[in-house]
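Taking it in order: structure first as structure tokens, then the write-up.
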Amino acid sequence: MASKQTTYKPLPARVRLVVASSVMLTFISFWRAAAIVLNDLGSSAFYAGGIAEEAVGKSAPWFVLGVMLFSFAVRAVYVESCSMFTRGGVYRIVKEALGGTFAKLSVSALMFDYILTGPISGVSAGQYIVGLLNELLRICTAHHWVTILATHADGVARQLPVDGTSATIAGMVTIYFWWQNTKGIKESSDKALKVMKITTVMVVILLAWGFFSVFKLGAHLPPLPIPENLSFSKDALGFLKNTNFAKTLGLFGIIMAFGHSVLAMSGEESLAQVNREIEHPKLKNLKRAAIVIALYSFIFTGVGTLLAVMLIPDSVRVPVYRDNLIAGMAMYMVGPLALKIAFRVFVVIVGFLILGGAVNTAIVGSTGVLMRVAEDGVLADWFRRPQRRFGTSYRIVNLVAGLQMFTIIASRGNVIMLGEAYAFGVIWSFTFNSLAMLVLRWKYHGERGWKVPLNIKIGKTEIPVGLISIFLVLLTTATVNLFTKSVATVSGILFAVVFFVIFSLSERENKRRHDLATRQMKEHFQLEHQDTVGRESLAIRPGAVVVTMRDAASPFALKWALSHTNTDDQDLVVLAARMMGAGGPEYVDASEQLFSEHEQMLFTKAVSVAESFGKHISLLVVPAGDIFAALVQTANSLDAAAVVSGLSSKLTAQEQAYHVGQAWEALPEPKRQFTFYVVKPDGEALSFHIGPHAPTITPDEVQLVHRLWLNMRRSPEMEQLHHCDVITYALTRLASEFARDKQATLKGLRQCMDEVNNRRGLGTSFREELDDTGPGYAIRPADLSRKDEQVSSVSQK
């Protein structure tokens, strides 16, 4: 008797590996884009006015207003750069225009900006909290309330050390967001929008109450911004403090004062970062977002600072409320003390939300910049290696958070010192960006969706007067700041030089390693680059199975999929998402996509596992901004019937299904339904239907429908009644009741669910079991999981 022997057909020497150029992104409205930018830009309203007045005197609000007006022009430069190509902010634009050396210098200055954004925002949040607590302690002492806690034995109010306590709070906030980013929990546009809604309520109350108070009190405007009214502090004079240079040149003093107020428009780089995710029509929505950002920041930061100087007395404004002007403004408006304290508490809560969000934005933004640099081969692959448990670029996050913690400790919570240094990165990143755009006016002759206004055409030559003017203002301000901001100049140049050297050495070593990696990839894989992902490009049939793979050390999802898929009948595609940093491009040219050591191991392991099963697989790499969006968009483009993923280390299977369902809902029509499988390390798998699907009903529920149908058919006019008519009528009535009385309907539905669950005893739990015939689930009625059904239904909301 002949023995049976399984034979596997040989696989090709090189497995086909398709690398997509289009980045898989989720898209947001211009309102959400504006909210994300304002969470960063709006945070400066809480500290910019106090820092500016400390430096230049009581005329500071006029310069803050001037900076906010000038920010309209700076924002126009970013809009033009985004209308040409989405390249991921300052770094890519400068590299395109001026080359790699200038790009590394610009990103070094930008990193200095981002590294300081977190500490100054965190410390400022701490200042608002400590200021409120100290104010409450003074009030308690004055009114003899809780004297044991609020008052010393000598009758003096207890006071917390402002700088030290603020630095401690900033450190705690930084550590919290470091851990959140290490886990990979991303701040969503929903949260940003909610924060800005709350902030808007606070701003409306602040301005309305502030103008009313100014009218009632007869407050006067600050001194006009002329040289005679400027009063520079010793620190504000920087290297010129022992000279009369600033006082003898009036215009120079004006430029100095403008430079000390420029940090009020920090956060503009965020606009270029969110541009790639703005929904169609992109340019129109980008301009809408820019207008919303400009008006909001002008009113909040500019007008708010002006009102604060008009309302808060000179005797306490700088000595007491310098670092929390908005909170101080609340205490000096017209109204009862209890109402003012309540509003100040509200201001502190809003300030903590937006300033805390800015700390997170700083970590996300700087991580994104370094990721973008790493994607270009400038930063060593060692930094990009994913964390084993969470899959994040934790080493970059560690570096950023470590530098921020060092800054907090070194500054000891001194906001003035942080603000002075912060302005260095802000102004020089703007200057490099505007210079690059100016060069690209002559170097890049492709189509532009929009240009910075004021362009004079002489013959065939166009002179960008507007762009030149913006660059000259920025360059002049940046140059003056070099001489008047000694702390910023020394620390900023030192930081930029260190990062530039690191980037240069790392780039040289990386080039050698990446050249070797590319040769090895070509030896083992048939590399192909495609603009978009589609069945034709991968040569696969409809109804394929897509398997995600993140870790070469634990390919249990791929093994599970291979064991339940007959690749002769159904194609299997292994998907690896190449996560792009914040503000990355929408399109990544083939020459820019460098394979890391981690990706080599990933693809090699996938092929090895497939060979052990004797089955054929296709390999696909997609650049992605969000893993769930990439997964769903790829499945839809490939007309896939199933998507298989391993169990996440930070999300439950139900949470994974929920995010996949949310991403599916965001897809444009047409979109295909598919089954999403989450495979646990022990081999157990859970399935979730993505998209509208027939509900799972038990035999008892089928009997209920049937009994209703029988009873209703007894009426002569119901001869044409069908079972589906009963269900349609019931659902229509339910929808009508829900619209009329939502709470009562939900209460009744909840009672019904509880009664059904109580009737189930031991041994009637619902499970799904795999059938041996194929890659999907063969589901028997008694084995359906109501829990899975509920999750998949939630994912469609």
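In the structure tokens, chains take the letters A, B, ... in the order shown, each chain's residues start at 1, and ligands count up from 1 in the order shown.
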task: Would you return as an MDAnalysis selection string the members of range 554-772 of chain A that DSSP assigns to strand (DSSP E or B) on this structure's backbone?
output: chainID A and resid 572:579 587 618:624 642:646 674:679 685:690
Pro161 in chain A environment, 12 Å, only C-alpha atoms, sequence neighbours closer than 4 positions dropped, as a VMD selection string: chain A and resid 126 to 127 129 to 131 133 to 134 165 to 168 412 to 414
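Compared by their closest atoms to Lys287 in chain A, and using only C-alpha atoms, the residues A:Phe46, A:Tyr78, A:Phe212, A:Phe424 rank with A:Tyr78 nearest.
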message: So, with only C-alpha atoms as the atoms that count, which of A:Trp31, A:His723, A:Met256, A:Gly218 lies closest to Phe483 in chain A?
response: A:Met256
query: If you count only C-alpha atoms, which residues fall within 9 Å of range 393-409 of chain A, apart from same-chain ones fewer than 5 positions away, as an NGL selection string?
result: :A and (114-120 or 122-123 or 167-168 or 170-171 or 174-175 or 177-178 or 181-184 or 362-364 or 366-367 or 370-371 or 382-387 or 414 or 418)
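Among the candidate residues A:Ala653, A:Ala576, A:Val465, A:Val726, the one lying nearest to Arg707 in chain A is A:Val726, with distances computed using only C-alpha atoms.
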